[in-house]
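*Asks:* File input_19.cif follows (mmCIF, C-alpha atoms):
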```
data_model
#
loop_
_atom_site.group_PDB
_atom_site.id
_atom_site.type_symbol
_atom_site.label_atom_id
_atom_site.label_comp_id
_atom_site.auth_asym_id
_atom_site.auth_seq_id
_atom_site.Cartn_x
_atom_site.Cartn_y
_atom_site.Cartn_z
ATOM 1 C CA MET C 1 85.025 -25.664 -102.461
ATOM 2 C CA GLU C 2 87.738 -25.638 -99.789
ATOM 3 C CA LEU C 3 85.072 -25.345 -97.071
ATOM 4 C CA LYS C 4 83.217 -28.381 -98.432
ATOM 5 C CA LYS C 5 86.434 -30.416 -98.266
ATOM 6 C CA GLN C 6 87.037 -29.293 -94.688
ATOM 7 C CA MET C 7 83.485 -30.304 -93.716
ATOM 8 C CA GLU C 8 83.890 -33.669 -95.427
ATOM 9 C CA GLN C 9 87.162 -34.180 -93.545
ATOM 10 C CA ASN C 10 85.347 -33.584 -90.238
ATOM 11 C CA ILE C 11 82.921 -36.366 -91.135
ATOM 12 C CA TYR C 12 85.740 -38.688 -92.270
ATOM 13 C CA ASP C 13 87.311 -38.044 -88.861
ATOM 14 C CA MET C 14 84.001 -39.002 -87.240
ATOM 15 C CA GLU C 15 84.077 -42.274 -89.133
ATOM 16 C CA LYS C 16 87.658 -43.004 -87.999
ATOM 17 C CA VAL C 17 86.830 -42.313 -84.356
ATOM 18 C CA ALA C 18 83.646 -44.403 -84.539
ATOM 19 C CA GLN C 19 85.632 -47.329 -85.913
ATOM 20 C CA LEU C 20 88.468 -46.847 -83.422
ATOM 21 C CA PHE C 21 86.047 -47.003 -80.483
ATOM 22 C CA GLU C 22 84.032 -49.790 -82.134
ATOM 23 C CA VAL C 23 80.893 -47.685 -82.330
ATOM 24 C CA GLU C 24 78.258 -49.274 -84.508
ATOM 25 C CA PRO C 25 77.467 -47.317 -87.691
ATOM 26 C CA PHE C 26 74.583 -44.902 -87.192
ATOM 27 C CA ASP C 27 72.477 -42.445 -89.173
ATOM 28 C CA ILE C 28 72.962 -38.694 -89.068
ATOM 29 C CA TYR C 29 70.630 -36.235 -90.834
ATOM 30 C CA LEU C 30 72.187 -32.866 -91.616
ATOM 31 C CA LEU C 31 70.233 -29.697 -92.325
ATOM 32 C CA GLY C 32 70.980 -25.997 -92.474
ATOM 33 C CA GLY C 33 74.090 -24.506 -93.998
ATOM 34 C CA SER C 34 76.225 -27.633 -93.632
ATOM 35 C CA ALA C 35 73.698 -29.688 -95.622
ATOM 36 C CA CYS C 36 73.545 -26.974 -98.271
ATOM 37 C CA ILE C 37 77.324 -26.997 -98.657
ATOM 38 C CA LEU C 38 77.755 -30.780 -98.596
ATOM 39 C CA GLY C 39 74.852 -31.243 -101.009
ATOM 40 C CA GLY C 40 76.164 -28.601 -103.379
ATOM 41 C CA TYR C 41 72.950 -26.593 -102.925
ATOM 42 C CA THR C 42 74.740 -23.345 -101.973
ATOM 43 C CA ASP C 43 78.218 -22.190 -101.122
ATOM 44 C CA ARG C 44 77.419 -19.910 -98.209
ATOM 45 C CA VAL C 45 80.154 -19.836 -95.613
ATOM 46 C CA THR C 46 79.326 -21.677 -92.420
ATOM 47 C CA ARG C 47 81.443 -23.759 -90.128
ATOM 48 C CA ASP C 48 78.805 -25.403 -87.980
ATOM 49 C CA PHE C 49 76.949 -28.643 -88.499
ATOM 50 C CA ASP C 50 73.226 -28.810 -87.737
ATOM 51 C CA PHE C 51 71.728 -32.256 -87.353
ATOM 52 C CA LEU C 52 68.691 -33.864 -85.803
ATOM 53 C CA ASP C 53 68.990 -35.597 -82.458
ATOM 54 C CA LEU C 54 67.870 -39.162 -83.052
ATOM 55 C CA ASN C 55 68.144 -39.918 -79.321
ATOM 56 C CA TYR C 56 71.819 -40.690 -79.634
ATOM 57 C CA PRO C 57 73.519 -42.392 -76.672
ATOM 58 C CA SER C 58 76.099 -40.333 -74.786
ATOM 59 C CA LYS C 59 78.916 -42.658 -75.918
ATOM 60 C CA LEU C 60 78.712 -40.959 -79.337
ATOM 61 C CA GLY C 61 79.987 -37.705 -77.810
ATOM 62 C CA LYS C 62 83.578 -38.419 -78.809
ATOM 63 C CA VAL C 63 82.420 -39.135 -82.372
ATOM 64 C CA PHE C 64 80.369 -35.926 -82.635
ATOM 65 C CA ALA C 65 83.271 -33.935 -81.148
ATOM 66 C CA GLN C 66 85.043 -34.384 -84.513
ATOM 67 C CA LEU C 67 82.549 -31.940 -86.032
ATOM 68 C CA ARG C 68 84.005 -29.242 -83.754
ATOM 69 C CA ASP C 69 81.110 -26.765 -83.977
ATOM 70 C CA PHE C 70 77.693 -28.417 -84.080
ATOM 71 C CA ASP C 71 74.074 -28.050 -83.033
ATOM 72 C CA MET C 72 72.139 -31.207 -82.238
ATOM 73 C CA LEU C 73 68.540 -30.171 -82.841
ATOM 74 C CA GLU C 74 65.686 -31.604 -80.822
ATOM 75 C CA TYR C 75 63.036 -33.049 -83.131
ATOM 76 C CA GLU C 76 60.137 -31.530 -81.160
ATOM 77 C CA SER C 77 61.477 -28.028 -81.654
ATOM 78 C CA THR C 78 62.645 -28.356 -85.255
ATOM 79 C CA LEU C 79 60.364 -27.382 -88.118
ATOM 80 C CA ILE C 80 60.647 -30.476 -90.263
ATOM 81 C CA SER C 81 58.169 -32.926 -91.668
ATOM 82 C CA PRO C 82 57.870 -36.375 -90.109
ATOM 83 C CA LYS C 83 58.582 -37.673 -93.639
ATOM 84 C CA TYR C 84 61.987 -35.970 -93.981
ATOM 85 C CA LYS C 85 63.828 -39.315 -94.113
ATOM 86 C CA GLU C 86 61.947 -40.335 -97.260
ATOM 87 C CA ARG C 87 63.335 -37.323 -99.123
ATOM 88 C CA ALA C 88 66.816 -37.205 -97.584
ATOM 89 C CA LYS C 89 69.827 -37.887 -99.796
ATOM 90 C CA LYS C 90 72.573 -40.234 -98.602
ATOM 91 C CA LEU C 91 76.094 -38.913 -99.076
ATOM 92 C CA GLU C 92 77.804 -41.901 -100.664
ATOM 93 C CA GLN C 93 81.378 -40.724 -100.054
ATOM 94 C CA PHE C 94 81.032 -41.758 -96.423
ATOM 95 C CA LYS C 95 81.357 -45.521 -96.103
ATOM 96 C CA TYR C 96 81.044 -46.242 -92.383
ATOM 97 C CA LEU C 97 78.447 -43.800 -91.105
ATOM 98 C CA ASN C 98 75.120 -43.216 -92.835
ATOM 99 C CA VAL C 99 75.266 -39.477 -93.526
ATOM 100 C CA TYR C 100 72.181 -37.866 -95.051
ATOM 101 C CA ILE C 101 71.275 -34.343 -96.047
ATOM 102 C CA LEU C 102 67.712 -33.145 -96.054
ATOM 103 C CA SER C 103 66.067 -32.289 -99.352
ATOM 104 C CA ILE C 104 66.194 -28.730 -100.610
ATOM 105 C CA GLU C 105 62.486 -28.381 -99.875
ATOM 106 C CA ASP C 106 62.805 -29.686 -96.294
ATOM 107 C CA ILE C 107 65.687 -27.283 -95.677
ATOM 108 C CA ILE C 108 63.655 -24.365 -97.020
ATOM 109 C CA VAL C 109 60.726 -25.176 -94.744
ATOM 110 C CA SER C 110 63.045 -25.540 -91.739
ATOM 111 C CA LYS C 111 64.323 -21.994 -92.364
ATOM 112 C CA ILE C 112 60.882 -20.342 -92.448
ATOM 113 C CA ILE C 113 60.669 -20.001 -88.659
ATOM 114 C CA ARG C 114 63.558 -17.532 -88.486
ATOM 115 C CA LEU C 115 63.760 -15.714 -91.817
ATOM 116 C CA GLU C 116 66.879 -13.891 -90.698
ATOM 117 C CA GLN C 117 69.030 -12.328 -93.419
ATOM 118 C CA LYS C 118 71.227 -15.418 -93.884
ATOM 119 C CA ASP C 119 68.122 -17.639 -94.061
ATOM 120 C CA ILE C 120 66.574 -15.379 -96.692
ATOM 121 C CA GLU C 121 69.809 -15.446 -98.705
ATOM 122 C CA ASP C 122 69.818 -19.263 -98.539
ATOM 123 C CA ILE C 123 66.149 -19.505 -99.498
ATOM 124 C CA ASP C 124 66.691 -17.044 -102.378
ATOM 125 C CA GLU C 125 69.200 -19.529 -103.834
ATOM 126 C CA LEU C 126 67.398 -22.753 -102.952
ATOM 127 C CA ILE C 127 63.969 -21.664 -104.191
ATOM 128 C CA LYS C 128 65.327 -21.430 -107.761
ATOM 129 C CA VAL C 129 65.593 -25.221 -107.985
ATOM 130 C CA ALA C 130 62.947 -26.228 -105.435
ATOM 131 C CA ASP C 131 59.596 -27.877 -106.108
ATOM 132 C CA LYS C 132 57.022 -25.405 -104.743
ATOM 133 C CA LYS C 133 54.263 -28.024 -104.666
ATOM 134 C CA LEU C 134 56.475 -30.184 -102.494
ATOM 135 C CA ILE C 135 57.237 -27.207 -100.240
ATOM 136 C CA ASN C 136 53.495 -26.740 -99.697
ATOM 137 C CA LYS C 137 53.093 -30.450 -98.931
ATOM 138 C CA ILE C 138 55.934 -30.285 -96.394
ATOM 139 C CA ILE C 139 54.435 -27.173 -94.783
ATOM 140 C CA ASP C 140 51.155 -29.068 -94.355
ATOM 141 C CA GLU C 141 53.001 -32.051 -92.866
ATOM 142 C CA VAL C 142 54.768 -29.775 -90.376
ATOM 143 C CA LEU C 143 51.519 -28.075 -89.378
ATOM 144 C CA GLU C 144 49.882 -31.472 -88.793
ATOM 145 C CA ARG C 145 52.561 -32.534 -86.308
ATOM 146 C CA LYS C 146 51.190 -33.150 -82.816
ATOM 147 C CA ASP C 147 54.657 -33.446 -81.261
ATOM 148 C CA LEU C 148 55.892 -29.995 -82.290
ATOM 149 C CA TYR C 149 56.169 -27.448 -79.490
ATOM 150 C CA GLN C 150 53.244 -25.046 -79.756
ATOM 151 C CA SER C 151 55.492 -21.997 -79.411
ATOM 152 C CA LYS C 152 57.487 -23.179 -82.441
ATOM 153 C CA LYS C 153 54.327 -23.818 -84.427
ATOM 154 C CA ASP C 154 52.993 -20.349 -83.554
ATOM 155 C CA MET C 155 56.225 -18.663 -84.671
ATOM 156 C CA PHE C 156 56.249 -20.751 -87.850
ATOM 157 C CA LEU C 157 52.694 -19.653 -88.669
ATOM 158 C CA LYS C 158 53.623 -16.026 -88.052
ATOM 159 C CA GLN C 159 56.544 -16.217 -90.498
ATOM 160 C CA LEU C 160 54.710 -18.393 -93.015
ATOM 161 C CA SER C 161 52.664 -15.551 -94.496
ATOM 162 C CA ILE C 162 55.843 -13.501 -95.037
ATOM 163 C CA PHE C 163 57.490 -16.502 -96.708
ATOM 164 C CA ARG C 164 54.481 -17.226 -98.939
ATOM 165 C CA GLU C 165 54.255 -13.611 -100.085
ATOM 166 C CA ARG C 166 57.973 -13.225 -100.771
ATOM 167 C CA TYR C 167 58.367 -16.523 -102.668
ATOM 168 C CA ASN C 168 54.893 -16.904 -104.173
ATOM 169 C CA VAL C 169 54.429 -20.315 -102.561
#
```
As a first step, turn the structure in this file into structure tokens.

*Replies:*
Amino acid sequence: MELKKQMEQNIYDMEKVAQLFEVEPFDIYLLGGSACILGGYTDRVTRDFDFLDLNYPSKLGKVFAQLRDFDMLEYESTLISPKYKERAKKLEQFKYLNVYILSIEDIIVSKIIRLEQKDIEDIDELIKVADKKLINKIIDEVLERKDLYQSKKDMFLKQLSIFRERYNV
């Protein structure tokens, strides 16, 4: 729980800096471990924030610096559905910035490409409360993307059979 409070404080600090520098409110979509912690999905220890690059202007650098350790993920190389925003959950405790976390199912699908031990541990927890039909729908949406790097799609397909067998999806 302490880690969640620390992560929330980083985002509150972002809000303060954005207001101080008169930066207009903007959307941020978190995924990965930080989304799992902030959404109460899991309590795995992670200190970094993963979020999608929505073509942010460089002037937001001082705002994002408040996260300390972060990865801004390029949409074309991230295994997410084009419909992720429809399923994302807004974190209401943040009043200035629009902070969203991806759905459990979108996070699961985004982790399929790697299936490293920490990803498997996360999926093992998340799959217990996930909608498997929705996971399949999201997988189809990802595979239909024309803007996804082919190398990422190929790796995703390679790992997909392992994922389907392990989780009966």

*Asks:* How many Å separate atom CA of Cys36 of chain C from atom CA of Ile101 of chain C?

*Replies:*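 Atom CA of Ile101 of chain C lies at a distance of 8.0 Å from atom CA of Cys36 of chain C.
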
*Asks:* Between C:Asp147, C:Glu121, C:Asp43, C:Asp13, which has the minimum distance to Tyr75 of chain C (counting all atoms listed in the file)?

*Replies:*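 For Tyr75 of chain C, the nearest of the given residues is C:Asp147.
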
*Asks:* Quick check, in Å to one decimal: how far apart do atom CA of Tyr29 of chain C and atom CA of Lys62 of chain C lie?

*Replies:*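 Separation between atom CA of Tyr29 of chain C and atom CA of Lys62 of chain C: 17.8 Å.
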
*Asks:* Segment 92-104 of chain C, all listed atoms, 5 Å padding on each side: what axis-aligned box centre and edge lengths in Å to one decimal come out, as JSON?

*Replies:*
```
{"center_x": 73.7, "center_y": -37.5, "center_z": -95.9, "size_x": 25.3, "size_y": 27.5, "size_z": 19.6}
```

*Asks:* Measure the distance from atom CA of Leu52 of chain C to atom CA of Leu73 of chain C in Å and round it to one decimal.

*Replies:*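 If I compute the distance from atom CA of Leu52 of chain C to atom CA of Leu73 of chain C, I get 4.7 Å.
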
*Asks:* Please evaluate the PyMOL selection byres ((chain C and resi 88-96) around 9) against the structure above and give the resulting residues as a PyMOL selection string.

*Replies:* chain C and resi 8+11-12+15-16+18-19+24-26+29+38-39+84-87+97-103+106

*Asks:* Name every residue that the PyMOL selection byres ((chain C and resi 149) around 10) selects in this structure, writing the answer as an mmCIF file with C-alpha atoms, in the frame of the given file with chains first and numbers rising.

*Replies:*
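Printed below is part_39.cif as written:
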```
data_model
loop_
_atom_site.group_PDB
_atom_site.id
_atom_site.type_symbol
_atom_site.label_atom_id
_atom_site.label_comp_id
_atom_site.auth_asym_id
_atom_site.auth_seq_id
_atom_site.Cartn_x
_atom_site.Cartn_y
_atom_site.Cartn_z
ATOM 1 C CA TYR C 75 63.036 -33.049 -83.131
ATOM 2 C CA GLU C 76 60.137 -31.530 -81.160
ATOM 3 C CA SER C 77 61.477 -28.028 -81.654
ATOM 4 C CA THR C 78 62.645 -28.356 -85.255
ATOM 5 C CA LEU C 79 60.364 -27.382 -88.118
ATOM 6 C CA ARG C 145 52.561 -32.534 -86.308
ATOM 7 C CA LYS C 146 51.190 -33.150 -82.816
ATOM 8 C CA ASP C 147 54.657 -33.446 -81.261
ATOM 9 C CA LEU C 148 55.892 -29.995 -82.290
ATOM 10 C CA GLN C 150 53.244 -25.046 -79.756
ATOM 11 C CA SER C 151 55.492 -21.997 -79.411
ATOM 12 C CA LYS C 152 57.487 -23.179 -82.441
ATOM 13 C CA LYS C 153 54.327 -23.818 -84.427
ATOM 14 C CA ASP C 154 52.993 -20.349 -83.554
#
```

*Asks:* Go through C:Arg47, C:Arg114, C:Lys5, C:Lys158 and flag the residue nearest Gly33 of chain C, using all atoms listed in the file for the distances.

*Replies:*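 Counting all atoms listed in the file, the residue closest to Gly33 of chain C is C:Arg47.
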
*Asks:* For Asp50 of chain C, which residue out of C:Ala65, C:Met72, C:Ile107, C:Ile113 is the nearest one, using only C-alpha atoms?

*Replies:*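 Nearest to Asp50 of chain C: C:Met72.
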
*Asks:* From the list C:Val169, C:Lys4, C:Leu60, C:Ser81, which residue is nearest Asp48 of chain C when using all atoms listed in the file?

*Replies:*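 The answer is C:Lys4, which sits nearest to Asp48 of chain C.
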
*Asks:* Go through C:Val109, C:Phe49, C:Asp131, C:Tyr41 one by one, measure the shortest atom-to-atom distance of each to Gln66 of chain C using all atoms listed in the file, and give the residue with the smallest value.

*Replies:*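 The shortest atom-to-atom distance to Gln66 of chain C comes from C:Phe49.
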
*Asks:* Expand the PyMOL selection byres ((chain C and resi 122) around 9) into the explicit residue set it covers here, and present it as JSON, numbers by chain.

*Replies:* {"C": [33, 36, 42, 44, 108, 111, 117, 118, 119, 120, 121, 123, 124, 125, 126, 127]}

*Asks:* Could you check the closest approach to Thr46 of chain C for each of C:Leu3, C:Asn10, C:Pro82, C:Arg68 and tell me which residue wins, using only C-alpha atoms?

*Replies:*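 Using only C-alpha atoms, Thr46 of chain C sits closest to C:Leu3.
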
*Asks:* Find the residues around segment 163-166 of chain C up to 9 Å (all atoms listed in the file counted), leave out those fewer than 4 positions away in its own chain, and share them as a list of chain:residue names.

*Replies:* C:Ile112, C:Leu115, C:Gln159
